[in-house]
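Here the structure is laid out as C-alpha cells; the discussion comes afterwards.
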There are 2 protein chains.
Amino acid sequence: MKNWKKNIRQVQPYTPGEQPDRPDIVKLNTNENPYPPSSSVEKALAEMDGSALRLYPDPAASGLVRAIADFYELDPSQVFVGVGSDDVLAMCFLTFFNSQKPVLFPDVTYSFYPVWADLFRIPFETPALDEDFCLRKEDYYRENGGIIFPNPNAPTGIAQPLPQIEEILQHNLDSIVIVDEAYVDFGAPSAIRLLERYENLVVVQTFSKSRSLAGMRIGYAFGSPELIRALNDVKYSFNSYTMNQAAIAAGIACLADALYWRRTLSLITQTREWTKARLSDLGFTVLDSQANFLFVSPPDKNAKDLYEALRERDIYVRYFAGPRTENYLRITIGTPLQMDRLFGALEDWLREGKREGLKKG
Amino acid sequence: MKNWKKNIRQVQPYTPGEQPDRPDIVKLNTNENPYPPSSSVEKALAEMDGSALRLYPDPAASGLVRAIADFYELDPSQVFVGVGSDDVLAMCFLTFFNSQKPVLFPDVTYSFYPVWADLFRIPFETPALDEDFCLRKEDYYRENGGIIFPNPNAPTGIAQPLPQIEEILQHNLDSIVIVDEAYVDFGAPSAIRLLERYENLVVVQTFSKSRSLAGMRIGYAFGSPELIRALNDVKYSFNSYTMNQAAIAAGIACLADALYWRRTLSLITQTREWTKARLSDLGFTVLDSQANFLFVSPPDKNAKDLYEALRERDIYVRYFAGPRTENYLRITIGTPLQMDRLFGALEDWLREGKREGLKKG
C-alpha cells in the first residue's frame, strides 16, 4: 500500500435509495412527495435574475431564515438552514456531539445516524426499540453525550407522544437532544412548542417530504439562539455559502403557498389510511404510521421476495436487511393511481404464492 | 456553565467578505466575476420542470460530472463535485488529511485552510512565503500529513510555475497534494496535466470565479479514480445529495457556452493589466497577479486607511489584518466602469493625503 493511502479516512457510507431515472416506474422507495411543489416554486425559478448569479448568495440565507421563522412564529435567531436535513443533521453531529460519552439513538431508526457518528468518530449506543418497534423512554435515562431520534421514527412511521419526548428532555437537562422531524407534518405532534422550555432541544425539519422539494435540498433546525449560533459557527467553518440562490428563492416561494401544502398533506394522509386498511385486508402486518410511508410485513413475512417481485414490475419500495427489519418493507405513500398499481402487483404476487403453496402442498 | 454546553464544538469560523445588498455600491471585495454568466444559464433555470423538484436530485450529479469531464477531457471517475470549492475543500480536508503529521500550507494564503484544520482537529504548519510573497518549494520537502496551496495563491495572485509544482509532487510521493485552482483560468498554468503522472494529486476548481456562478455554488475536484472514490465515500457519509437540481442544470448550461466564457476571461485579464499599470503609475506596489484580483500596497502603506476611505465612498475591497498583509488591499477586477470609479476615489484620496501631509509639514 502506498503511504498516502494511509491518510485517507475510511468510512462505510450511507446508501440512499435507488434513483432510477425512468418515467414509467412507480417510485415508492425514498419517501418523496407524489405531488409537485406549488407552482409558485417553478415561477420563482423562472423569474430568477441570471445576471445576479455572478454574486455569492447571502451567506446567512436571511430571506429564507426569516420566512421559516415567520411561518413557525419563531425568531430568526432560532432558525438554522442547510442543504437538506441531512446537511443540517451532519452539522448537528459535528457541532453538538463532542463528548467521550456515547450518543444514544434507537437500534431501528434512520440509518444515517451511525454513519455520521463513524465519520466524526463519535461513540454511540443504540437502545433497542421494544417488540412493537416503540421507543422506551427509560432507555434514555442514563449518562450520554447527546440524544437523537426521529419523530415519527423511520422506517417504522411510529410517532412518539409529546409528553414522552418531554420526559426524555426532563431526564436529560445535561445533554443536547435532537428530535428529527423529517416526517412530522404527516400527523405527528411537533416538539416545536417545547423549545421555549428546553434550551438544549434541537428540532430538525425538511422541505424534502411534506413540501415536495427534495430536488432543491432545503432543511432547517430550530433551537435556542445559543445552539443556532454554535451551528452557524461550525457551518461558517465548513462552507460559508451552503444555500444557493435558487434554493433560497424556491424555499421562500414554497412557504408562501401554505394552502396548497395543506391540501397535498391531506391527500397523502387520506391515501395512507386507505392503503393501511387495504393492506391489512390482504393479511399484511402494518405498523401504525404517522409518516408518508408504511412499514409492512407480508402475510408469510417473505419481504425480500416481495421486494424483488415488485422491482421486476418496475415498482420500487425499500428493503432494509438486518435481523429486526428483514421481514418488512417500507412503502412510500404515492398517488392513488400509484397505490392501485401497487395493489395490482401485490394481489398477483399473493395469488402466485398461494398457487405455488398448493402445488408444494 | 450548563453541562450540555461543554459538548459544543468550539471553532473560530472563517469570515467571508461582506455581502452588502445595495445595487449602487462598487463591490470589489469577494472576487466575483463582474460579468453575468452566459444567458444559457438563466434559460436553463427558466426551463426547469417544477414538478420534478418533488424528486431527489441524482446523488452522483452524473450529468454535471460528465459535462465537466468532457470539458477537461478526463474520465468521469476522475471528477468530484460539491457545493462550491469550499465544500470540495472541506471534504478534501476531512477525507485526505488524517495523519498525526502536520499538513503544510503557506503562511499567507486562503484563510479558510486553518479554519478547516481546526474544525477537523488536523495539525498543520505554515511555512512562510519569501519576502516577495513567493512560495519556496524547498519548504515542502519534509515529513507532512498532506500539502495544500492555491495556484495562483490568494490573496497575492502570484502563480507558481508548473515545474515547481511538479518538484513538490516528486518530493511528496507519500502525501496527498492538493492544488487549489480557484483562480487558475485567469492566467496560471493548471496542474491538470500532471494528473496522469501523480495519483496522489488533487486539483480543485470552481464555477464561482471565471464562470460567473458564485450564486449557484458549484465546485469540483480532479484526481485519480481512487482519490475521487474516497472523496465520494466521505460525501455519501455526510450528505447523499449535495447538488440540487438547479445547480446541476446551471452548471451544465454554463459549461456549454465556452465561447462566452473565454470572452469574459479575456475582458477581465485586459482590465487587470491596465489596472496594474495605472496603479503603479499612482505609486502603488502591485504584485504580479495571474488572478482576477490585485494585491496592492498604497504609496504610504496605509492600507487600512484606504480601505476605510473607499468604504465611505461605497467601494468595497478586502483588507486582511496581520503582520504580513496589513499594508495591502486585495482588489477584485471589476468592469472598466467600476475600475474608473475606483481610480476616481483613489486619486481623491491621494490628493487629500498630500494636502494633509503639506499641512502637517
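Following the order of the C-alpha cells, chains are lettered A, B, ..., residues in each are numbered from 1, and ligands are numbered from 1.
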Legend entry - Distance filter 6 Å, only C-alpha atoms, chain B against chain A, as a ChimeraX atom specification: /B:3-4,7-9,13-14,32-33,36,42,46,50-51,53-57,86-87,90,95-99,115,174-176,212-217,233,236-239,244-245
Go ahead and save the residues from that selection, with N, CA and C atoms, as a compact mmCIF listing (two decimals), in the first residue's frame.
# COMPACT_ATOMS: atom_id res chain seq x y z
N ASN B 3 -24.08 21.90 31.67
CA ASN B 3 -23.28 20.77 31.20
C ASN B 3 -23.35 20.54 29.70
N TRP B 4 -24.54 20.74 29.11
CA TRP B 4 -24.66 20.44 27.68
C TRP B 4 -23.80 21.36 26.83
N ASN B 7 -20.30 20.13 25.48
CA ASN B 7 -20.18 19.24 24.32
C ASN B 7 -20.22 19.97 22.99
N ILE B 8 -20.36 21.28 23.02
CA ILE B 8 -20.43 22.03 21.76
C ILE B 8 -19.03 22.28 21.22
N ARG B 9 -18.84 21.99 19.95
CA ARG B 9 -17.54 22.20 19.31
C ARG B 9 -17.21 23.68 19.27
N PRO B 13 -14.79 30.62 13.30
CA PRO B 13 -15.20 30.46 11.90
C PRO B 13 -14.49 31.40 10.93
N TYR B 14 -14.47 31.00 9.68
CA TYR B 14 -13.97 31.84 8.59
C TYR B 14 -14.93 33.01 8.42
N GLU B 32 -15.76 38.17 -7.11
CA GLU B 32 -16.79 37.71 -8.03
C GLU B 32 -16.48 38.22 -9.43
N ASN B 33 -17.07 37.58 -10.39
CA ASN B 33 -16.89 37.97 -11.78
C ASN B 33 -17.78 39.19 -12.05
N PRO B 36 -22.07 38.82 -16.01
CA PRO B 36 -23.05 37.77 -15.68
C PRO B 36 -22.66 36.47 -16.36
N GLU B 42 -29.59 31.33 -17.32
CA GLU B 42 -30.93 31.82 -16.97
C GLU B 42 -31.99 31.01 -17.71
N ALA B 46 -35.04 28.81 -16.21
CA ALA B 46 -36.42 29.11 -16.61
C ALA B 46 -37.11 27.87 -17.17
N GLY B 50 -40.72 22.32 -12.73
CA GLY B 50 -41.01 22.47 -11.30
C GLY B 50 -41.52 21.20 -10.67
N SER B 51 -42.28 20.41 -11.42
CA SER B 51 -42.87 19.22 -10.81
C SER B 51 -41.80 18.18 -10.48
N LEU B 53 -39.12 18.73 -9.07
CA LEU B 53 -38.45 19.10 -7.82
C LEU B 53 -38.93 18.28 -6.64
N ARG B 54 -40.07 17.58 -6.80
CA ARG B 54 -40.52 16.71 -5.72
C ARG B 54 -39.56 15.52 -5.53
N LEU B 55 -38.76 15.22 -6.57
CA LEU B 55 -37.83 14.09 -6.52
C LEU B 55 -36.44 14.52 -6.07
N TYR B 56 -35.74 13.63 -5.39
CA TYR B 56 -34.34 13.91 -5.06
C TYR B 56 -33.54 14.09 -6.34
N PRO B 57 -32.52 14.94 -6.27
CA PRO B 57 -31.62 15.04 -7.44
C PRO B 57 -30.79 13.75 -7.55
N ASP B 86 -15.39 25.55 -1.67
CA ASP B 86 -15.25 25.45 -0.22
C ASP B 86 -15.76 24.11 0.30
N ASP B 87 -16.89 23.68 -0.22
CA ASP B 87 -17.42 22.37 0.16
C ASP B 87 -16.45 21.27 -0.28
N ALA B 90 -13.43 21.39 1.99
CA ALA B 90 -13.78 20.86 3.32
C ALA B 90 -13.79 19.33 3.27
N THR B 95 -11.34 14.07 4.23
CA THR B 95 -11.04 12.77 3.63
C THR B 95 -9.55 12.46 3.64
N PHE B 96 -8.72 13.43 3.29
CA PHE B 96 -7.32 13.13 2.97
C PHE B 96 -6.31 13.47 4.05
N PHE B 97 -6.69 14.32 4.99
CA PHE B 97 -5.70 14.77 5.98
C PHE B 97 -5.95 14.10 7.33
N ASN B 98 -5.71 12.80 7.37
CA ASN B 98 -5.98 12.02 8.58
C ASN B 98 -4.73 11.49 9.23
N SER B 99 -3.73 12.32 9.33
CA SER B 99 -2.47 11.86 9.85
C SER B 99 -2.17 12.64 11.13
N VAL B 115 -8.91 27.25 9.24
CA VAL B 115 -10.24 27.05 9.83
C VAL B 115 -10.67 25.59 9.67
N ASP B 174 4.58 10.34 -0.90
CA ASP B 174 3.89 9.68 0.21
C ASP B 174 2.74 10.52 0.76
N SER B 175 2.51 11.68 0.17
CA SER B 175 1.47 12.58 0.68
C SER B 175 0.43 12.86 -0.40
N ILE B 176 -0.72 13.30 0.04
CA ILE B 176 -1.68 13.82 -0.91
C ILE B 176 -1.45 15.32 -1.05
N SER B 212 -18.57 32.84 -13.45
CA SER B 212 -19.64 33.79 -13.06
C SER B 212 -20.82 33.14 -12.37
N LEU B 213 -20.57 32.06 -11.62
CA LEU B 213 -21.71 31.37 -11.00
C LEU B 213 -21.58 31.24 -9.48
N ALA B 214 -21.00 32.25 -8.83
CA ALA B 214 -20.87 32.20 -7.37
C ALA B 214 -22.21 31.90 -6.71
N GLY B 215 -23.29 32.46 -7.27
CA GLY B 215 -24.62 32.32 -6.67
C GLY B 215 -25.19 30.92 -6.75
N MET B 216 -24.57 30.03 -7.56
CA MET B 216 -25.11 28.67 -7.67
C MET B 216 -24.30 27.65 -6.89
N ARG B 217 -23.13 28.03 -6.38
CA ARG B 217 -22.33 27.13 -5.53
C ARG B 217 -21.99 25.82 -6.23
N ASP B 233 -17.00 8.62 -0.99
CA ASP B 233 -17.40 7.84 0.19
C ASP B 233 -17.65 8.78 1.37
N TYR B 236 -20.84 10.75 0.72
CA TYR B 236 -22.04 9.94 0.98
C TYR B 236 -22.21 9.63 2.47
N SER B 237 -21.18 9.88 3.25
CA SER B 237 -21.29 9.73 4.70
C SER B 237 -21.68 11.04 5.36
N PHE B 238 -21.79 12.08 4.57
CA PHE B 238 -22.11 13.41 5.10
C PHE B 238 -23.48 13.86 4.63
N ASN B 239 -23.70 13.79 3.32
CA ASN B 239 -24.96 14.25 2.74
C ASN B 239 -25.06 13.62 1.35
N ASN B 244 -28.21 20.49 -5.75
CA ASN B 244 -29.64 20.48 -6.08
C ASN B 244 -29.86 20.53 -7.60
N GLN B 245 -31.10 20.29 -8.00
CA GLN B 245 -31.38 20.18 -9.44
C GLN B 245 -31.01 21.46 -10.18
Legend entry - Near-Leu350 of chain B list (9 Å; only C-alpha atoms; drop same-chain fewer than 4 positions) as a ChimeraX atom specification: /B:282,299,345-346,354-355
Only all heavy atoms, please: the residues just picked out, written as a compact mmCIF listing (two decimals), in the first residue's frame.
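To be explicit, this is the file written out as out_17.txt:
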# COMPACT_ATOMS: atom_id res chain seq x y z
N LEU B 282 0.35 55.39 -10.08
CA LEU B 282 -0.05 56.19 -8.92
C LEU B 282 0.86 55.93 -7.72
O LEU B 282 0.62 56.45 -6.62
CB LEU B 282 -1.50 55.88 -8.52
CG LEU B 282 -2.61 56.37 -9.47
CD1 LEU B 282 -3.97 55.90 -8.96
CD2 LEU B 282 -2.59 57.90 -9.60
N PRO B 299 1.11 53.96 -1.71
CA PRO B 299 2.44 54.58 -1.59
C PRO B 299 2.92 54.72 -0.15
O PRO B 299 4.07 54.45 0.15
CB PRO B 299 2.24 55.95 -2.25
CG PRO B 299 1.06 55.80 -3.14
CD PRO B 299 0.20 54.73 -2.57
N ALA B 345 -11.78 57.56 -6.90
CA ALA B 345 -11.68 57.61 -5.45
C ALA B 345 -10.23 57.58 -4.99
O ALA B 345 -9.84 58.29 -4.05
CB ALA B 345 -12.46 56.44 -4.84
N LEU B 346 -9.43 56.73 -5.64
CA LEU B 346 -8.02 56.63 -5.26
C LEU B 346 -7.31 57.97 -5.45
O LEU B 346 -6.53 58.41 -4.60
CB LEU B 346 -7.30 55.56 -6.11
CG LEU B 346 -7.63 54.09 -5.81
CD1 LEU B 346 -6.84 53.18 -6.74
CD2 LEU B 346 -7.33 53.76 -4.35
N LYS B 354 -1.95 64.16 0.37
CA LYS B 354 -0.87 65.11 0.12
C LYS B 354 -1.14 66.44 0.81
O LYS B 354 -0.28 67.03 1.44
CB LYS B 354 -0.72 65.34 -1.39
CG LYS B 354 0.40 64.49 -1.98
CD LYS B 354 0.75 64.90 -3.38
CE LYS B 354 1.39 63.71 -4.09
NZ LYS B 354 0.81 63.45 -5.38
N ARG B 355 -2.42 66.87 0.68
CA ARG B 355 -2.80 68.15 1.27
C ARG B 355 -2.57 68.11 2.79
O ARG B 355 -1.96 68.98 3.37
CB ARG B 355 -4.28 68.44 0.96
CG ARG B 355 -4.56 69.92 0.71
CD ARG B 355 -6.02 70.12 0.34
NE ARG B 355 -6.40 69.45 -0.91
CZ ARG B 355 -7.54 68.78 -1.08
NH1 ARG B 355 -8.40 68.66 -0.10
NH2 ARG B 355 -7.81 68.24 -2.25
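Across the structure, atom CA of Ala309 of chain B and atom CA of Asp107 of chain B are spaced 28.0 Å apart.
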Inset, instruction - Would you list, as an MDAnalysis selection string, the residues of segment 130-344 of chain A that end up in alpha helix (DSSP H) under DSSP run on this structure's backbone? - result: chainID A and resid 162:170 225:236 245:256 258:281 303:312 336:344
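Nearest to Asp24 of chain B of all the residues B:Ile268, B:Leu310, B:Val65, B:Ile315 is B:Ile315, counting only C-alpha atoms.
Straight-line separation from atom CA of Phe105 of chain B to atom CA of Thr285 of chain B: 24.9 Å.
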Inset, instruction - Show which residues sit within 8 Å of segment 70-80 of chain A, as an MDAnalysis selection string. Count only C-alpha atoms, and ignore same-chain residues fewer than 3 positions away. - result: chainID A and resid 65:67 88 220:225 228:229 231:232 255
Inset, instruction - Would you mind writing down, as JSON, numbers by chain, each residue of segment 149-223 of chain B that DSSP on the backbone assigns to strand (DSSP E or B)? - result: {"B": [149, 150, 177, 178, 179, 180, 201, 202, 203, 204, 205, 206, 219, 220, 221, 222]}
How about saving the chosen residues, N, CA and C atoms kept, as a short mmCIF file (atom, residue, chain, number, x, y, z; two decimals), in the first residue's frame?
data_model
loop_
_atom_site.label_atom_id
_atom_site.label_comp_id
_atom_site.auth_asym_id
_atom_site.auth_seq_id
_atom_site.Cartn_x
_atom_site.Cartn_y
_atom_site.Cartn_z
N PHE B 149 -1.96 24.15 -1.41
CA PHE B 149 -1.69 25.57 -1.70
C PHE B 149 -2.53 25.96 -2.91
N PRO B 150 -2.89 27.25 -2.99
CA PRO B 150 -3.64 27.70 -4.15
C PRO B 150 -2.66 28.10 -5.25
N VAL B 177 -1.31 15.76 -2.29
CA VAL B 177 -1.01 17.16 -2.56
C VAL B 177 -2.21 17.78 -3.29
N ILE B 178 -2.77 18.84 -2.70
CA ILE B 178 -3.94 19.49 -3.29
C ILE B 178 -3.54 20.84 -3.86
N VAL B 179 -3.82 21.05 -5.14
CA VAL B 179 -3.58 22.36 -5.74
C VAL B 179 -4.96 23.01 -5.94
N ASP B 180 -5.14 24.12 -5.26
CA ASP B 180 -6.44 24.80 -5.21
C ASP B 180 -6.43 25.86 -6.32
N LEU B 201 -2.24 13.42 -6.53
CA LEU B 201 -2.53 14.84 -6.78
C LEU B 201 -4.04 15.07 -6.85
N VAL B 202 -4.49 16.14 -6.20
CA VAL B 202 -5.88 16.58 -6.31
C VAL B 202 -5.87 18.03 -6.80
N VAL B 203 -6.66 18.32 -7.82
CA VAL B 203 -6.77 19.68 -8.35
C VAL B 203 -8.20 20.15 -8.11
N VAL B 204 -8.36 21.30 -7.46
CA VAL B 204 -9.70 21.80 -7.13
C VAL B 204 -9.99 23.07 -7.93
N GLN B 205 -11.15 23.14 -8.55
CA GLN B 205 -11.55 24.34 -9.30
C GLN B 205 -12.99 24.71 -8.93
N THR B 206 -13.48 25.80 -9.51
CA THR B 206 -14.79 26.32 -9.11
C THR B 206 -15.50 27.03 -10.25
N GLY B 219 -18.45 23.63 -7.17
CA GLY B 219 -17.01 23.43 -7.21
C GLY B 219 -16.73 22.01 -7.62
N TYR B 220 -15.48 21.71 -7.98
CA TYR B 220 -15.17 20.35 -8.39
C TYR B 220 -13.71 20.05 -8.12
N ALA B 221 -13.41 18.75 -8.07
CA ALA B 221 -12.03 18.31 -7.88
C ALA B 221 -11.71 17.26 -8.92
N PHE B 222 -10.46 17.26 -9.35
CA PHE B 222 -9.95 16.21 -10.22
C PHE B 222 -8.93 15.40 -9.43
#
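The spacing separating atom CA of Leu329 of chain A from atom CA of Thr109 of chain A amounts to 13.9 Å.
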Neighbours of Thr269 of chain A within 10 Å (only C-alpha atoms; same-chain residues fewer than 3 positions away dropped), as a PDB file with N, CA, C and O atoms, in the first residue's frame?
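Output file result_8.pdb follows:
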ATOM      1  N   ASP A 185     -44.993  16.482   9.590  1.00  0.00           N
ATOM      2  CA  ASP A 185     -46.191  17.134   9.055  1.00  0.00           C
ATOM      3  C   ASP A 185     -47.298  16.151   8.671  1.00  0.00           C
ATOM      4  O   ASP A 185     -48.440  16.551   8.468  1.00  0.00           O
ATOM      5  N   PHE A 186     -46.939  14.875   8.540  1.00  0.00           N
ATOM      6  CA  PHE A 186     -47.944  13.897   8.117  1.00  0.00           C
ATOM      7  C   PHE A 186     -48.768  13.360   9.285  1.00  0.00           C
ATOM      8  O   PHE A 186     -49.525  12.408   9.119  1.00  0.00           O
ATOM      9  N   GLY A 187     -48.593  13.930  10.479  1.00  0.00           N
ATOM     10  CA  GLY A 187     -49.505  13.523  11.539  1.00  0.00           C
ATOM     11  C   GLY A 187     -48.947  13.413  12.947  1.00  0.00           C
ATOM     12  O   GLY A 187     -49.698  13.161  13.883  1.00  0.00           O
ATOM     13  N   THR A 264     -52.154  19.050  -0.195  1.00  0.00           N
ATOM     14  CA  THR A 264     -51.425  17.822  -0.549  1.00  0.00           C
ATOM     15  C   THR A 264     -51.201  16.940   0.675  1.00  0.00           C
ATOM     16  O   THR A 264     -51.295  15.721   0.593  1.00  0.00           O
ATOM     17  N   LEU A 265     -50.939  17.582   1.815  1.00  0.00           N
ATOM     18  CA  LEU A 265     -50.781  16.809   3.054  1.00  0.00           C
ATOM     19  C   LEU A 265     -52.017  15.973   3.319  1.00  0.00           C
ATOM     20  O   LEU A 265     -51.930  14.789   3.663  1.00  0.00           O
ATOM     21  N   SER A 266     -53.173  16.606   3.137  1.00  0.00           N
ATOM     22  CA  SER A 266     -54.411  15.909   3.451  1.00  0.00           C
ATOM     23  C   SER A 266     -54.653  14.780   2.440  1.00  0.00           C
ATOM     24  O   SER A 266     -55.102  13.684   2.814  1.00  0.00           O
ATOM     25  N   ARG A 272     -52.813   7.294   2.746  1.00  0.00           N
ATOM     26  CA  ARG A 272     -52.149   6.403   3.705  1.00  0.00           C
ATOM     27  C   ARG A 272     -53.176   5.573   4.462  1.00  0.00           C
ATOM     28  O   ARG A 272     -53.024   4.352   4.606  1.00  0.00           O
ATOM     29  N   GLU A 273     -54.266   6.211   4.888  1.00  0.00           N
ATOM     30  CA  GLU A 273     -55.226   5.480   5.719  1.00  0.00           C
ATOM     31  C   GLU A 273     -55.914   4.364   4.945  1.00  0.00           C
ATOM     32  O   GLU A 273     -56.070   3.259   5.446  1.00  0.00           O
ATOM     33  N   TRP A 274     -56.337   4.646   3.682  1.00  0.00           N
ATOM     34  CA  TRP A 274     -56.980   3.531   2.975  1.00  0.00           C
ATOM     35  C   TRP A 274     -55.977   2.484   2.519  1.00  0.00           C
ATOM     36  O   TRP A 274     -56.283   1.300   2.400  1.00  0.00           O
ATOM     37  N   THR A 275     -54.726   2.904   2.307  1.00  0.00           N
ATOM     38  CA  THR A 275     -53.692   1.918   1.957  1.00  0.00           C
ATOM     39  C   THR A 275     -53.458   0.971   3.133  1.00  0.00           C
ATOM     40  O   THR A 275     -53.356  -0.252   2.972  1.00  0.00           O
ATOM     41  N   SER A 289     -48.443   4.026  11.102  1.00  0.00           N
ATOM     42  CA  SER A 289     -47.562   5.119  10.684  1.00  0.00           C
ATOM     43  C   SER A 289     -48.232   6.481  10.741  1.00  0.00           C
ATOM     44  O   SER A 289     -49.386   6.648  10.359  1.00  0.00           O
ATOM     45  N   GLN A 290     -47.471   7.486  11.205  1.00  0.00           N
ATOM     46  CA  GLN A 290     -47.899   8.886  11.099  1.00  0.00           C
ATOM     47  C   GLN A 290     -47.023   9.628  10.081  1.00  0.00           C
ATOM     48  O   GLN A 290     -46.935  10.851  10.079  1.00  0.00           O
ATOM     49  N   ALA A 291     -46.391   8.866   9.190  1.00  0.00           N
ATOM     50  CA  ALA A 291     -45.492   9.457   8.202  1.00  0.00           C
ATOM     51  C   ALA A 291     -46.073   9.272   6.798  1.00  0.00           C
ATOM     52  O   ALA A 291     -47.215   8.847   6.649  1.00  0.00           O
ATOM     53  N   ASN A 292     -45.303   9.585   5.762  1.00  0.00           N
ATOM     54  CA  ASN A 292     -45.791   9.377   4.397  1.00  0.00           C
ATOM     55  C   ASN A 292     -45.275   8.058   3.827  1.00  0.00           C
ATOM     56  O   ASN A 292     -44.990   7.937   2.651  1.00  0.00           O
ATOM     57  N   PHE A 293     -45.140   7.086   4.721  1.00  0.00           N
ATOM     58  CA  PHE A 293     -44.757   5.738   4.295  1.00  0.00           C
ATOM     59  C   PHE A 293     -45.331   4.739   5.283  1.00  0.00           C
ATOM     60  O   PHE A 293     -45.750   5.115   6.389  1.00  0.00           O
ATOM     61  N   ILE A 333     -46.036   6.451   0.480  1.00  0.00           N
ATOM     62  CA  ILE A 333     -47.392   6.727   0.014  1.00  0.00           C
ATOM     63  C   ILE A 333     -47.307   7.551  -1.273  1.00  0.00           C
ATOM     64  O   ILE A 333     -46.783   8.662  -1.274  1.00  0.00           O
TER      65      ILE A 333
END
